>>> print(open('input.txt').read())   # compact mmCIF, C-alpha atoms
# COMPACT_ATOMS: atom_id res chain seq x y z
CA MET A 1 -45.91 19.06 -26.62
CA SER A 2 -48.77 20.94 -24.99
CA GLU A 3 -51.64 22.39 -26.98
CA THR A 4 -50.37 25.92 -26.33
CA GLN A 5 -47.06 25.00 -27.95
CA THR A 6 -48.55 23.39 -31.04
CA ARG A 7 -51.28 25.89 -31.91
CA ALA A 8 -50.46 29.20 -33.51
CA THR A 9 -52.23 32.35 -32.47
CA PRO A 10 -54.41 33.64 -35.31
CA ARG A 11 -52.94 36.65 -37.09
CA PRO A 12 -55.83 38.88 -38.10
CA THR A 13 -55.49 40.98 -41.22
CA THR A 14 -56.38 44.63 -40.76
CA ARG A 15 -57.41 46.99 -43.54
CA VAL A 16 -58.41 50.62 -43.13
CA VAL A 17 -60.79 52.18 -45.65
CA GLY A 18 -61.71 55.77 -44.88
CA ASP A 19 -62.81 55.80 -41.25
CA THR A 20 -63.63 52.07 -41.16
CA THR A 21 -61.25 49.38 -39.94
CA PHE A 22 -61.83 45.89 -41.35
CA VAL A 23 -60.38 42.99 -39.36
CA GLU A 24 -60.41 39.47 -40.83
CA LEU A 25 -60.18 36.87 -38.06
CA SER A 26 -59.48 33.21 -38.70
CA GLY A 27 -58.98 29.95 -36.87
CA GLU A 28 -60.00 29.58 -33.25
CA ILE A 29 -60.92 32.36 -30.84
CA ASP A 30 -60.64 30.81 -27.42
CA VAL A 31 -58.91 30.94 -24.06
CA LEU A 32 -55.53 30.38 -25.71
CA THR A 33 -55.80 32.96 -28.50
CA SER A 34 -57.88 35.66 -26.80
CA PRO A 35 -55.05 37.50 -24.97
CA CYS A 36 -53.31 38.45 -28.23
CA LEU A 37 -56.59 39.32 -29.93
CA THR A 38 -57.73 41.36 -26.92
CA ALA A 39 -54.62 43.53 -27.12
CA ARG A 40 -55.13 44.10 -30.85
CA LEU A 41 -58.85 44.89 -30.59
CA ASP A 42 -58.26 47.15 -27.58
CA ALA A 43 -55.79 49.15 -29.67
CA LEU A 44 -58.29 49.40 -32.54
CA THR A 45 -61.07 50.60 -30.22
CA ALA A 46 -59.02 53.09 -28.21
CA ARG A 47 -59.86 56.16 -30.28
CA PRO A 48 -63.15 58.07 -30.26
CA LEU A 49 -65.84 56.96 -32.72
CA PRO A 50 -64.28 53.66 -33.81
CA ASP A 51 -65.90 52.08 -36.85
CA LEU A 52 -64.91 48.42 -36.78
CA VAL A 53 -65.95 45.50 -38.99
CA LEU A 54 -64.91 42.07 -37.68
CA ASP A 55 -65.04 39.44 -40.42
CA LEU A 56 -65.61 36.10 -38.66
CA ARG A 57 -66.23 33.99 -41.77
CA ALA A 58 -62.89 32.16 -41.43
CA VAL A 59 -63.30 31.52 -37.68
CA THR A 60 -63.61 27.78 -37.10
CA PHE A 61 -64.30 27.78 -33.35
CA ILE A 62 -65.21 30.26 -30.65
CA ASP A 63 -65.56 29.48 -26.94
CA CYS A 64 -66.99 31.54 -24.07
CA THR A 65 -63.71 33.47 -23.78
CA GLY A 66 -64.05 34.42 -27.44
CA LEU A 67 -67.65 35.52 -26.89
CA GLY A 68 -66.42 37.58 -23.95
CA LEU A 69 -63.83 39.19 -26.21
CA LEU A 70 -66.52 40.15 -28.73
CA CYS A 71 -68.68 41.58 -25.92
CA ARG A 72 -65.71 43.53 -24.53
CA THR A 73 -65.03 44.95 -27.99
CA ALA A 74 -68.69 45.89 -28.44
CA ASN A 75 -68.74 47.62 -25.04
CA ARG A 76 -65.56 49.57 -25.83
CA VAL A 77 -66.98 50.67 -29.19
CA ARG A 78 -70.29 51.76 -27.62
CA ALA A 79 -68.49 53.67 -24.85
CA ARG A 80 -66.68 55.64 -27.56
CA HIS A 81 -69.89 56.19 -29.59
CA GLY A 82 -68.63 54.06 -32.47
CA ARG A 83 -69.96 51.20 -34.55
CA LEU A 84 -69.13 47.48 -34.56
CA ARG A 85 -70.30 45.04 -37.22
CA LEU A 86 -69.74 41.28 -37.24
CA VAL A 87 -69.59 39.54 -40.61
CA THR A 88 -70.81 35.95 -40.32
CA GLU A 89 -73.38 33.58 -41.72
CA ASP A 90 -72.25 30.57 -39.67
CA PRO A 91 -75.45 28.94 -38.40
CA HIS A 92 -73.66 27.42 -35.38
CA PHE A 93 -72.27 30.78 -34.28
CA LEU A 94 -75.63 32.50 -34.85
CA ARG A 95 -77.29 29.77 -32.77
CA VAL A 96 -74.79 30.34 -29.93
CA LEU A 97 -75.61 34.05 -30.03
CA ARG A 98 -79.34 33.26 -29.82
CA LEU A 99 -78.93 30.72 -27.00
CA THR A 100 -76.77 33.08 -24.94
CA GLY A 101 -79.10 36.03 -25.47
CA LEU A 102 -76.43 37.93 -27.40
CA SER A 103 -78.07 38.01 -30.83
CA GLY A 104 -79.31 41.55 -30.24
CA ALA A 105 -75.98 42.73 -28.83
CA PHE A 106 -74.26 42.87 -32.22
CA GLU A 107 -74.93 44.31 -35.64
CA LEU A 108 -74.65 41.24 -37.89
CA CYS A 109 -73.84 41.27 -41.61
CA GLY A 110 -73.90 38.34 -44.02
CA GLY A 111 -71.03 39.84 -46.01
CA PRO A 112 -68.61 42.70 -45.58
CA PRO A 113 -70.04 46.18 -46.10
CA GLU A 114 -69.11 47.70 -49.43
CA ALA A 115 -65.89 49.68 -49.32
CA PRO A 116 -63.46 50.79 -52.00
CA ALA A 117 -60.57 48.35 -51.44
CA ALA A 118 -58.14 50.44 -53.50
CA THR A 119 -57.86 53.01 -50.70
CA GLY A 120 -57.35 50.39 -48.00
CA VAL A 121 -54.08 49.71 -46.24
CA ALA A 122 -53.53 46.09 -45.28
CA SER A 123 -51.37 45.16 -42.33
CA PRO A 124 -50.83 42.13 -40.12
CA ALA A 125 -52.33 42.25 -36.64
CA GLY A 126 -49.09 43.15 -34.92
CA ALA A 127 -48.44 46.20 -37.10
>>> encode(input="input.txt", output="structure tokens")
Amino acid sequence: MSETQTRATPRPTTRVVGDTTFVELSGEIDVLTSPCLTARLDALTARPLPDLVLDLRAVTFIDCTGLGLLCRTANRVRARHGRLRLVTEDPHFLRVLRLTGLSGAFELCGGPPEAPAATGVASPAGA
């Protein structure tokens, strides 16, 4: 079996609290998983003033395609005068951002911003 047949595409969990959309990503974000994630993130950044929090704490690997996806998402959010925050404390990922000159391109958070979870609506990525 090929790698594309054995690896499942990550299914991000999406939760909306007020005007903010929280997306929990997990697993690998790479050339194989990016097409599905691109479609989902494009949908989430299509409206004016998107406020998006991407929780990357459960991401185990990200390649240059995944970095490109994050940059694309950031550009779409900026073009619509919104806000994008990345939640991560992974020293390897932070090092990659520094080495690629992208550390200033994102608003980084060590933990998710405070939000009242009781008003959130959770849904799988395909919903």
>>> residues_around(input="input.txt", residues="Glu28 (chain A)", least_positions_apart="5", cutoff="12 Å", atoms="all atoms listed in the file", output="PyMOL selection string")
chain A and resi 7-12+33-34+37+56-67
>>> atom_distance(input="input.txt", atom1="CA of Arg40 (chain A)", atom2="CA of Arg98 (chain A)")
26.5 Å
>>> closest_residue(input="input.txt", among="A:Leu69, A:Cys36, A:Val31, A:Ala79", to="Pro50 (chain A)", atoms="all atoms listed in the file")
A:Ala79
>>> closest_residue(input="input.txt", among="A:Asp51, A:Glu24, A:Asp42, A:Asp19", to="Arg83 (chain A)", atoms="only C-alpha atoms")
A:Asp51
>>> closest_residue(input="input.txt", among="A:Leu52, A:Gly68, A:Asn75, A:Arg95", to="Val17 (chain A)", atoms="all atoms listed in the file")
A:Leu52
>>> atom_distance(input="input.txt", atom1="CA of Leu32 (chain A)", atom2="CA of Leu49 (chain A)")
29.4 Å
>>> closest_residue(input="input.txt", among="A:Leu102, A:Val53, A:Cys109, A:Ala43", to="Asp90 (chain A)", atoms="only C-alpha atoms")
A:Cys109
>>> closest_residue(input="input.txt", among="A:Phe22, A:Ala39, A:Thr14, A:Leu99", to="Leu86 (chain A)", atoms="all atoms listed in the file")
A:Phe22
>>> closest_residue(input="input.txt", among="A:Glu114, A:Arg47, A:Leu41, A:Asp55", to="Ser26 (chain A)", atoms="all atoms listed in the file")
A:Asp55
>>> axis_aligned_box(input="input.txt", around="region 72-77 of chain A", padding_each_side="5 Å", output="lines of an AutoDock Vina configuration file")
center_x = -66.9
center_y = 47.1
center_z = -26.9
size_x = 13.7
size_y = 17.1
size_z = 14.7
>>> residues_near_point(input="input.txt", point="(-73.4, 44.0, -35.2)", cutoff="9 Å", atoms="only C-alpha atoms", output="MDAnalysis selection string")
chainID A and resid 53 74 83:87 103:109
>>> atom_distance(input="input.txt", atom1="CA of Thr38 (chain A)", atom2="CA of Gly101 (chain A)")
22.1 Å
